[in-house]
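S.K.: Input upload-v3.tsv, format and content: TSV, C-alpha atoms.
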chain	number	residue	atom	x	y	z
A	11	MET	CA	4.26	25.51	9.53
A	12	ALA	CA	3.66	22.53	11.84
A	13	VAL	CA	4.26	18.96	10.69
A	14	ASP	CA	1.46	16.55	11.59
A	15	ILE	CA	2.42	13.16	13.04
A	16	PRO	CA	-0.71	10.92	13.23
A	17	ALA	CA	-1.24	8.81	16.35
A	18	ASP	CA	-0.63	5.50	14.55
A	19	VAL	CA	2.75	6.73	13.30
A	20	GLN	CA	3.69	7.80	16.83
A	21	GLU	CA	2.84	4.30	18.06
A	22	ARG	CA	5.03	2.72	15.40
A	23	CYS	CA	7.93	4.92	16.51
A	24	LYS	CA	7.65	3.53	20.05
A	25	ASP	CA	8.09	0.02	18.71
A	26	LEU	CA	11.28	0.91	16.84
A	27	GLY	CA	13.35	2.29	19.71
A	28	GLN	CA	13.48	4.99	22.33
A	29	GLY	CA	15.45	7.31	20.11
A	30	VAL	CA	13.10	7.12	17.11
A	31	GLY	CA	10.61	9.67	18.43
A	32	TYR	CA	13.36	12.23	18.98
A	33	ALA	CA	14.91	11.55	15.58
A	34	LEU	CA	11.53	12.04	13.91
A	35	LYS	CA	11.02	15.34	15.74
A	36	VAL	CA	14.37	16.56	14.44
A	37	LEU	CA	13.32	15.62	10.91
A	38	CYS	CA	10.01	17.45	11.38
A	39	ILE	CA	11.89	20.62	12.36
A	40	GLN	CA	13.91	20.30	9.16
A	41	LEU	CA	10.73	19.77	7.14
A	42	GLU	CA	9.24	22.93	8.62
A	43	ASP	CA	12.16	24.86	7.15
A	44	ASN	CA	12.35	22.89	3.90
A	45	PRO	CA	9.43	20.56	3.12
A	46	LEU	CA	11.07	19.60	-0.18
A	47	LEU	CA	14.20	18.10	1.35
A	48	GLY	CA	12.96	14.55	0.72
A	49	THR	CA	12.99	12.59	-2.53
A	50	PRO	CA	9.76	12.88	-4.57
A	51	LEU	CA	7.83	9.66	-5.19
A	52	GLU	CA	5.77	8.89	-8.28
A	53	ASP	CA	2.52	9.82	-6.55
A	54	PRO	CA	1.92	13.58	-6.33
A	55	SER	CA	2.58	15.23	-2.95
A	56	LEU	CA	4.48	12.20	-1.60
A	57	TYR	CA	8.14	12.24	-0.58
A	58	THR	CA	10.55	10.00	1.27
A	59	ALA	CA	13.36	11.02	3.61
A	60	ARG	CA	15.97	8.88	5.33
A	61	ILE	CA	17.07	9.11	8.95
A	62	ASP	CA	20.62	7.95	9.60
A	63	GLY	CA	20.50	5.70	12.65
A	64	GLU	CA	24.13	6.44	13.56
A	65	THR	CA	23.23	10.07	14.22
A	66	PHE	CA	20.77	9.26	17.02
A	67	GLU	CA	21.12	6.99	20.01
A	68	ASP	CA	18.87	3.89	20.06
A	69	CYS	CA	17.51	4.61	16.58
A	70	PRO	CA	17.86	2.33	13.54
A	71	GLU	CA	18.11	3.64	10.00
A	72	LEU	CA	14.64	4.72	8.88
A	73	ASN	CA	12.72	5.66	5.75
A	74	VAL	CA	10.07	8.30	6.43
A	75	ARG	CA	7.29	8.80	3.90
A	76	TYR	CA	5.50	12.13	4.10
A	77	ALA	CA	2.98	14.21	2.18
A	78	TYR	CA	3.33	17.90	1.40
A	79	GLY	CA	0.72	20.20	-0.06
A	80	PRO	CA	-1.91	19.59	-2.78
A	81	PRO	CA	-3.49	17.40	-3.92
A	82	LEU	CA	-3.24	15.22	-0.80
A	83	LEU	CA	-3.09	18.09	1.68
A	84	THR	CA	-3.85	21.77	1.79
A	85	GLU	CA	-1.24	24.30	0.71
A	86	GLY	CA	1.74	24.42	3.06
A	87	GLN	CA	0.69	21.39	5.15
A	88	VAL	CA	3.07	18.49	5.88
A	89	GLN	CA	2.03	15.12	7.31
A	90	ILE	CA	4.16	12.09	8.16
A	91	ARG	CA	2.55	9.06	6.49
A	92	SER	CA	4.80	6.19	7.60
A	93	VAL	CA	8.05	5.43	9.39
A	94	GLU	CA	9.66	2.25	8.15
A	95	GLY	CA	12.87	0.62	9.30
A	96	THR	CA	15.27	-0.24	6.53
A	97	ARG	CA	16.94	-3.62	6.50
A	98	SER	CA	19.81	-2.31	8.57
A	99	LEU	CA	21.51	-5.25	10.17
A	100	VAL	CA	22.99	-5.60	13.61
A	101	GLY	CA	26.00	-7.71	14.44
A	102	GLU	CA	29.53	-7.60	15.67
A	103	SER	CA	31.89	-5.22	13.95
A	104	ASP	CA	35.58	-5.69	13.38
A	105	GLU	CA	36.31	-3.62	16.47
A	106	ASP	CA	34.20	-5.97	18.58
A	107	GLY	CA	35.99	-9.01	17.28
A	108	GLY	CA	33.57	-9.87	14.50
A	109	ASP	CA	34.49	-10.53	10.91
A	110	GLY	CA	32.83	-7.38	9.58
A	111	ARG	CA	30.81	-9.24	6.97
A	112	GLU	CA	27.60	-7.67	5.71
A	113	GLY	CA	24.30	-9.03	4.47
A	114	HIS	CA	22.61	-12.19	5.61
A	115	ASP	CA	25.63	-13.33	7.66
A	116	GLN	CA	24.38	-10.96	10.37
A	117	ALA	CA	21.03	-11.10	12.12
A	118	PRO	CA	18.23	-8.66	11.19
A	119	ASP	CA	17.08	-6.31	13.92
A	120	PRO	CA	14.04	-8.09	15.44
A	121	ARG	CA	12.30	-4.78	16.12
A	122	LEU	CA	12.44	-3.86	12.45
A	123	GLU	CA	11.35	-7.33	11.43
A	124	GLU	CA	8.31	-7.21	13.73
A	125	LEU	CA	7.35	-3.72	12.60
A	126	GLY	CA	7.73	-4.68	8.95
A	127	ALA	CA	5.48	-7.70	9.44
A	128	ARG	CA	2.75	-5.56	11.02
A	129	GLN	CA	2.98	-2.92	8.28
A	130	VAL	CA	2.73	-5.53	5.52
A	131	ALA	CA	-0.23	-7.22	7.21
A	132	ARG	CA	-2.05	-3.93	7.73
A	133	ALA	CA	-1.56	-2.80	4.11
A	134	TRP	CA	-2.57	-6.18	2.70
A	135	GLN	CA	-5.69	-6.34	4.84
A	136	GLY	CA	-6.66	-2.91	3.49
A	137	ILE	CA	-6.19	-4.15	-0.09
A	138	GLU	CA	-8.14	-7.31	0.63
A	139	SER	CA	-11.02	-5.33	2.16
A	140	TRP	CA	-11.20	-3.26	-1.01
A	141	LEU	CA	-11.26	-6.39	-3.16
A	142	ARG	CA	-14.02	-7.92	-1.06
A	143	GLU	CA	-16.18	-4.84	-1.51
A	144	HIS	CA	-15.43	-3.79	-5.09
A	145	ALA	CA	-13.75	-6.66	-6.98
A	146	PRO	CA	-15.36	-9.97	-5.96
A	147	ALA	CA	-13.75	-11.88	-8.86
A	148	SER	CA	-10.27	-10.89	-7.69
A	149	TYR	CA	-11.15	-11.58	-4.08
A	150	ALA	CA	-12.32	-15.08	-5.07
A	151	SER	CA	-8.88	-15.80	-6.58
A	152	LEU	CA	-7.13	-15.61	-3.19
A	153	ARG	CA	-5.74	-18.81	-1.76
A	154	ALA	CA	-5.71	-19.59	1.95
A	155	GLY	CA	-2.69	-18.58	3.99
A	156	ALA	CA	0.38	-20.77	4.35
A	157	SER	CA	1.00	-22.70	7.57
A	158	GLU	CA	4.16	-22.35	9.62
A	159	ASP	CA	5.27	-25.77	8.40
A	160	GLU	CA	4.78	-24.70	4.78
A	161	ILE	CA	6.79	-21.52	5.32
A	162	ALA	CA	9.57	-23.47	7.06
A	163	ALA	CA	9.66	-25.92	4.14
A	164	LEU	CA	9.85	-23.01	1.71
A	165	GLU	CA	12.77	-21.49	3.59
A	166	ALA	CA	14.56	-24.84	3.55
A	167	ALA	CA	14.00	-25.22	-0.20
A	168	LEU	CA	15.26	-21.70	-0.93
A	169	GLY	CA	18.17	-21.94	1.48
A	170	VAL	CA	17.60	-18.38	2.68
A	171	GLN	CA	15.81	-16.79	5.61
A	172	VAL	CA	12.54	-15.21	4.49
A	173	PRO	CA	12.02	-11.70	5.92
A	174	ALA	CA	9.23	-11.30	8.46
A	175	GLY	CA	7.19	-9.02	6.18
A	176	LEU	CA	7.01	-11.58	3.39
A	177	LYS	CA	6.20	-14.31	5.89
A	178	ALA	CA	3.36	-12.15	7.21
A	179	LEU	CA	1.96	-11.82	3.69
A	180	TRP	CA	2.15	-15.55	3.02
A	181	ARG	CA	0.49	-16.33	6.34
A	182	LEU	CA	-2.47	-14.28	5.13
A	183	ARG	CA	-2.53	-15.51	1.52
A	184	ALA	CA	-0.31	-18.13	-0.12
A	185	GLY	CA	-0.75	-16.77	-3.63
A	186	VAL	CA	-3.75	-16.88	-5.93
A	187	HIS	CA	-5.66	-19.49	-7.92
A	188	ARG	CA	-5.33	-19.61	-11.72
A	189	VAL	CA	-8.65	-17.91	-12.44
A	190	ALA	CA	-9.82	-14.72	-14.09
A	191	GLY	CA	-9.11	-11.69	-11.93
A	192	ALA	CA	-6.03	-13.15	-10.20
A	193	GLY	CA	-3.65	-10.55	-11.64
A	194	PHE	CA	-4.87	-7.67	-9.49
A	195	LEU	CA	-1.58	-6.39	-8.06
A	196	LEU	CA	0.10	-3.28	-9.47
A	197	GLU	CA	0.94	-3.72	-13.18
A	198	ASN	CA	-1.68	-6.50	-13.16
A	199	GLN	CA	0.72	-9.02	-11.66
A	200	ALA	CA	-0.26	-12.09	-9.64
A	201	LEU	CA	0.92	-13.11	-6.17
A	202	MET	CA	2.95	-16.30	-6.58
A	203	THR	CA	2.23	-19.48	-4.64
A	204	PRO	CA	4.97	-21.05	-2.46
A	205	ASP	CA	5.37	-23.91	-4.96
A	206	ALA	CA	5.81	-21.42	-7.81
A	207	VAL	CA	8.30	-19.41	-5.74
A	208	ILE	CA	10.43	-22.49	-5.11
A	209	ALA	CA	10.28	-23.74	-8.70
A	210	PHE	CA	11.17	-20.37	-10.22
A	211	HIS	CA	13.94	-19.70	-7.70
A	212	GLN	CA	15.52	-23.08	-8.37
A	213	GLN	CA	15.20	-22.61	-12.13
A	214	GLN	CA	16.95	-19.24	-11.95
A	215	MET	CA	19.72	-20.58	-9.72
A	216	LEU	CA	20.31	-23.35	-12.24
A	217	SER	CA	20.56	-20.71	-14.98
A	218	GLN	CA	23.06	-18.83	-12.83
A	219	GLN	CA	25.20	-21.93	-12.44
A	220	GLN	CA	25.10	-22.67	-16.16
A	221	GLY	CA	25.45	-19.20	-17.64
A	222	GLY	CA	26.20	-16.66	-14.95
A	223	ASP	CA	29.50	-15.47	-13.56
A	224	ASP	CA	30.91	-12.83	-11.23
A	225	GLU	CA	30.33	-10.08	-13.80
A	226	PHE	CA	26.94	-11.24	-15.11
A	227	THR	CA	24.41	-12.10	-12.43
A	228	ILE	CA	21.28	-13.96	-13.48
A	229	TRP	CA	20.04	-14.72	-9.98
A	230	LYS	CA	21.22	-14.71	-6.38
A	231	PRO	CA	20.15	-17.09	-3.59
A	232	SER	CA	18.96	-14.06	-1.59
A	233	TRP	CA	16.43	-13.04	-4.26
A	234	ILE	CA	12.93	-14.34	-3.50
A	235	PRO	CA	10.28	-14.04	-6.24
A	236	VAL	CA	7.03	-12.51	-4.99
A	237	CYS	CA	4.70	-11.80	-7.92
A	238	SER	CA	4.76	-12.44	-11.65
A	239	PHE	CA	3.19	-11.41	-14.95
A	240	GLY	CA	0.59	-14.16	-14.59
A	241	VAL	CA	-0.20	-17.09	-12.34
A	242	GLY	CA	1.53	-19.43	-14.77
A	243	ASP	CA	3.57	-16.85	-16.71
A	244	HIS	CA	6.90	-15.83	-15.21
A	245	THR	CA	8.07	-13.70	-18.12
A	246	TYR	CA	8.64	-10.86	-15.67
A	247	GLY	CA	7.79	-10.00	-12.12
A	248	LEU	CA	9.07	-8.67	-8.81
A	249	TYR	CA	11.47	-10.29	-6.38
A	250	LEU	CA	12.46	-9.34	-2.84
A	251	ASP	CA	16.18	-8.78	-2.35
A	252	THR	CA	16.65	-10.01	1.21
A	253	GLU	CA	20.02	-8.25	1.49
A	254	THR	CA	18.64	-4.77	0.78
A	255	GLY	CA	14.92	-5.18	1.48
A	256	GLN	CA	14.11	-3.71	-1.96
A	257	LEU	CA	11.45	-5.08	-4.28
A	258	CYS	CA	13.07	-5.42	-7.69
A	259	HIS	CA	12.01	-6.11	-11.28
A	260	TRP	CA	13.08	-9.18	-13.23
A	261	SER	CA	12.47	-10.14	-16.86
A	262	ARG	CA	13.37	-13.16	-18.95
A	263	TYR	CA	16.06	-11.01	-20.61
A	264	ALA	CA	17.97	-10.89	-17.29
A	265	GLU	CA	16.90	-7.30	-16.66
A	266	ARG	CA	17.12	-6.48	-12.96
A	267	TRP	CA	16.50	-3.18	-11.21
A	268	PRO	CA	14.93	-1.90	-7.94
A	269	GLU	CA	11.36	-0.66	-8.25
A	270	PHE	CA	10.22	-0.19	-4.65
A	271	GLU	CA	12.07	0.57	-1.44
A	272	SER	CA	10.41	-2.39	0.26
A	273	LEU	CA	7.48	-4.78	0.18
A	274	THR	CA	5.73	-2.46	2.64
A	275	THR	CA	6.13	0.52	0.31
A	276	TYR	CA	4.76	-1.50	-2.61
A	277	LEU	CA	1.62	-2.57	-0.75
A	278	GLU	CA	1.06	0.84	0.83
A	279	GLU	CA	1.27	2.55	-2.57
A	280	MET	CA	-1.29	0.11	-3.94
A	281	GLU	CA	-3.56	0.67	-0.96
A	282	ASP	CA	-3.25	4.45	-1.37
A	283	ALA	CA	-4.10	4.21	-5.08
A	284	LEU	CA	-7.24	2.21	-4.32
A	285	ALA	CA	-8.29	4.66	-1.61
A	286	ALA	CA	-7.73	7.77	-3.76
A	287	PRO	CA	-7.77	6.77	-7.46
A	288	SER	CA	-8.24	10.37	-8.62
A	289	LEU	CA	-4.72	11.17	-7.38
A	290	VAL	CA	-3.02	8.37	-9.32
A	291	THR	CA	-0.78	9.63	-12.11
A	292	GLY	CA	0.08	6.28	-13.73
A	293	ALA	CA	-2.06	3.21	-14.27
A	294	ARG	CA	-5.37	3.63	-12.47
A	295	PRO	CA	-7.53	1.02	-10.76
A	296	GLY	CA	-10.55	-0.15	-12.75
A	297	LEU	CA	-12.92	-3.08	-12.98
A	298	VAL	CA	-13.50	-5.74	-15.64
A	299	ASN	CA	-16.28	-8.21	-14.89
A	300	GLY	CA	-15.83	-7.76	-11.16
A	301	ALA	CA	-12.02	-8.04	-11.26
A	302	LEU	CA	-9.48	-5.35	-10.42
A	303	MET	CA	-7.40	-4.31	-13.43
A	304	TRP	CA	-4.93	-1.44	-13.65
A	305	GLY	CA	-5.42	0.54	-16.80
A	306	PRO	CA	-6.65	1.76	-19.11
A	307	PRO	CA	-5.65	-1.37	-21.06
A	308	ASN	CA	-3.52	-1.02	-24.17
A	309	TRP	CA	-5.83	-3.38	-26.06
A	310	PRO	CA	-9.40	-2.92	-24.81
A	311	ASP	CA	-11.77	-5.86	-25.07
A	312	PRO	CA	-15.18	-4.67	-26.36
A	313	GLU	CA	-16.81	-7.71	-24.75
A	314	ALA	CA	-15.20	-7.01	-21.38
A	315	PRO	CA	-14.94	-3.23	-21.05
A	316	TRP	CA	-12.62	-1.68	-18.49
A	317	VAL	CA	-14.43	0.74	-16.20
A	318	PRO	CA	-12.25	3.10	-14.14
A	319	PHE	CA	-12.95	3.01	-10.42
A	320	THR	CA	-13.95	6.38	-9.00
A	321	ARG	CA	-15.16	7.63	-5.68
Take the structure from the file and write it as structure tokens.

M.R.:
Amino acid sequence: MAVDIPADVQERCKDLGQGVGYALKVLCIQLEDNPLLGTPLEDPSLYTARIDGETFEDCPELNVRYAYGPPLLTEGQVQIRSVEGTRSLVGESDEDGGDGREGHDQAPDPRLEELGARQVARAWQGIESWLREHAPASYASLRAGASEDEIAALEAALGVQVPAGLKALWRLRAGVHRVAGAGFLLENQALMTPDAVIAFHQQQMLSQQQGGDDEFTIWKPSWIPVCSFGVGDHTYGLYLDTETGQLCHWSRYAERWPEFESLTTYLEEMEDALAAPSLVTGARPGLVNGALMWGPPNWPDPEAPWVPFTR
């Protein structure tokens, strides 16, 4: 059983390091023997496997997303879908005279940052193309992209370095307008504007100072809000943990947990669901008055019926 590695994935591997191609080949040999060695994702036929960068020379730590068997592929077929660098950080270790600190005290690997930015941009552009064609009301809600000065001002206000992938997204679209159809992201959430990101982040940090402690964390400086329940409703949403790269859930009840491995994974899963809605096992894409809505809705509106999108 051969494992298929598409040409675009092979090109991404070249950008990550000379040892990435070899590491991926080793993983493919393992998948030939045991295609179920990865961790199943929510979507059927999709799995993720991790490559330990310390095992291979000139290879960072990687997450590899692959498909195996029906319904995405034929029986017994395996295909690599994406190779994504984790937020492994490079810096001086204790042995090299460094202080051994982890997290944002060390510099992110620029190769991973650049790759992450391209992956986010590609996935978002695919989503936006779908909106333009099928959901004009949601497409009309998109704001223009943020300028470099606006992104620099946002970083200064947050006091944290924004990862390249999130910057790439904001360069394309700096949130959405408060109009019908703006909540088109997964779980019908809305992409937050830079002003909303700053205001919510500062509000949460104030709550942390007033009511949080070492054992009860309300918010960390390294958590950057990305999307929320509504354009003006921040009851719950998703934030990017810049220390781990994970996209995590927040709620007003101080509930916090990881939901997606990365911003790239989140956008790619949404893009996949739009491209193949019949394979979605959870909320499915549908249309209400020209706007994308994930459903079916719990409380249908007879005057604005939800119509599932099919191909």

S.K.: What is the atom CA of A:Pro54-atom CA of A:Gly292 distance in Å, reported with one decimal?

M.R.: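 So the two atoms, atom CA of A:Pro54 and atom CA of A:Gly292, lie 10.6 Å apart.
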
S.K.: Which residues, written as a list of chain:residue names, have at least one atom at most 6 Å from stretch 271-279 of chain A, with all atoms listed in the file counted and residues fewer than 2 positions away on the same chain left out?

M.R.: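 The contact residues come out as A:Val130, A:Ala133, A:Gly255, A:Gln256, A:Leu257, A:Glu281, A:Asp282.
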
S.K.: Might you pull out every residue within 10 Å of A:Trp180, with all atoms listed in the file counted and same-chain residues fewer than 5 positions away left off, and present them as a list in words?

M.R.: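 So the residues in contact are Ala131, Arg153, Ala154, Gly155, Ala156, Ser157, Glu158, Glu160, Ile161, Ala174, Gly175, Gly185, Leu201, Met202, Thr203, Pro204 and Val236 of chain A.
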
S.K.: Here is a test: counting all atoms listed in the file, which residue of A:Phe239, A:Phe270, A:Trp233, A:Tyr78 is nearest to A:Glu253?

M.R.: A:Trp233

S.K.: Here is a test: counting only C-alpha atoms, which residue of A:Ile39, A:Leu34, A:Ala77, A:Ala206 is nearest to A:Gly63?

M.R.: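 Closest residue, counting only C-alpha atoms: A:Leu34.
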
S.K.: Need the shell around stretch 219-230 of chain A: protein/DNA/RNA residues with any atom at most 6 Å away, counting all atoms listed in the file. Skip same-chain ones fewer than 4 positions apart. Format as an MDAnalysis selection string?

M.R.: chainID A and resid 214:215 264

S.K.: If you measure from atom CA of A:Gly240 to atom CA of A:Gly126, what distance in Å do you get, rounded to one decimal?

M.R.: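 So the answer is 26.4 Å.
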
S.K.: Quick one: pull the distance between atom CA of A:Gln218 and atom CA of A:Gly193, Å, one decimal.

M.R.: 28.0 Å

S.K.: Fewer than 4 positions away in the same chain doesn't count, so skip those; otherwise give me all residues within 10 Å of stretch 27-29 of chain A, counting only C-alpha atoms, as an NGL selection string.

M.R.: :A and (22-23 or 33-34 or 63 or 66-70 or 121-122)

S.K.: Output C-alpha atoms for every residue in the selection just made, as a short mmCIF file (atom, residue, chain, number, x, y, z; two decimals), in the coordinates of the input.

M.R.:
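Everything below was put into result.cif:
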data_model
loop_
_atom_site.label_atom_id
_atom_site.label_comp_id
_atom_site.auth_asym_id
_atom_site.auth_seq_id
_atom_site.Cartn_x
_atom_site.Cartn_y
_atom_site.Cartn_z
CA ARG A 22 5.03 2.72 15.40
CA CYS A 23 7.93 4.92 16.51
CA ALA A 33 14.91 11.55 15.58
CA LEU A 34 11.53 12.04 13.91
CA GLY A 63 20.50 5.70 12.65
CA PHE A 66 20.77 9.26 17.02
CA GLU A 67 21.12 6.99 20.01
CA ASP A 68 18.87 3.89 20.06
CA CYS A 69 17.51 4.61 16.58
CA PRO A 70 17.86 2.33 13.54
CA ARG A 121 12.30 -4.78 16.12
CA LEU A 122 12.44 -3.86 12.45
#
